[in-house]
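These notes are about the structure you will find just below.
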Amino acid sequence: QVQLVESGGGLVQPGGSLTLSCEASASARDLTFISWYRQAPGKQREFLAETLDGSRTNAAASVKGRFIATRDDAKGTMYLQMNSLKPEDTAVYYCQVYSLTYNRAFWGQGTQVTVSS
């Protein structure tokens with residue numbers, strides 16, 4: 001199984017940047033596809049960004065150009081780099097890993113991001 005531990009959330013001012021980390025207990029070969037989601041109070045969980053191998057990335061229209069998903073296989077850690085943060089980016093952020101090895105997806109525990117002055 002794959003355990004994911006997230007970190008890096010916190011309070012940031014509008015226009016600021018933050019990088020979230022998601023450390024996996026498995027080896028890189030078991031971490032096939034990396035995705036990031038968020039969920040604001042009273043809203044559904046929303047897809048943000050994804051990467052397969054670190055060079056091929058994709059992001060939702062709402063965050064494209066501001067958020068990017070990356071991975072460091074040597075460290076077994078995935079990242080969500082967030083720039084130009086807005087108050088509406090306030091939410092709990094989750095990493096997700098799909099593993100071909102286990103044929104299922106795994107979720108991190110979530111980390112709170114609050115954008116406020």
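Within each chain, counting starts at residue 1; across the structure tokens, chains are named A, B, ... in the order shown, with ligands numbered 1 upward in that order.
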
- Item | Contacts of range 44-52 of chain A at 9 Å (only C-alpha atoms; same-chain gap of 4+ positions) as number ranges by chain | A: 31-40, 56-64, 67-71, 80

- Test item: residues at most 6 Å from range 12-24 of chain A, only C-alpha atoms, excluding those fewer than 3 positions along its chain, as number ranges by chain: A: 3-8, 76-86, 115-117

Determine which residues of chain A DSSP labels as helix (DSSP H, G or I) from the backbone of this structure, then write them out as a PDB file with C-alpha atoms, in the first residue's frame.
```pdb
ATOM      1  CA  ALA A  28       8.764   5.992  -7.455  1.00  0.00           C
ATOM      2  CA  ARG A  29       7.936   3.082  -9.745  1.00  0.00           C
ATOM      3  CA  ASP A  30       4.733   2.523  -7.750  1.00  0.00           C
ATOM      4  CA  PRO A  87      -8.571  34.436  -1.252  1.00  0.00           C
ATOM      5  CA  GLU A  88     -10.735  32.064  -3.299  1.00  0.00           C
ATOM      6  CA  ASP A  89      -7.852  29.564  -3.256  1.00  0.00           C
TER       7      ASP A  89
END
```

- Message: With DSSP run on the backbone, what are the strand (DSSP E) residues within chain A? I'd like them as a PyMOL selection string.
- Response: chain A and resi 4-7+10-12+18-24+33-39+46-51+57-59+67-72+77-82+91-99+104-107+111-115
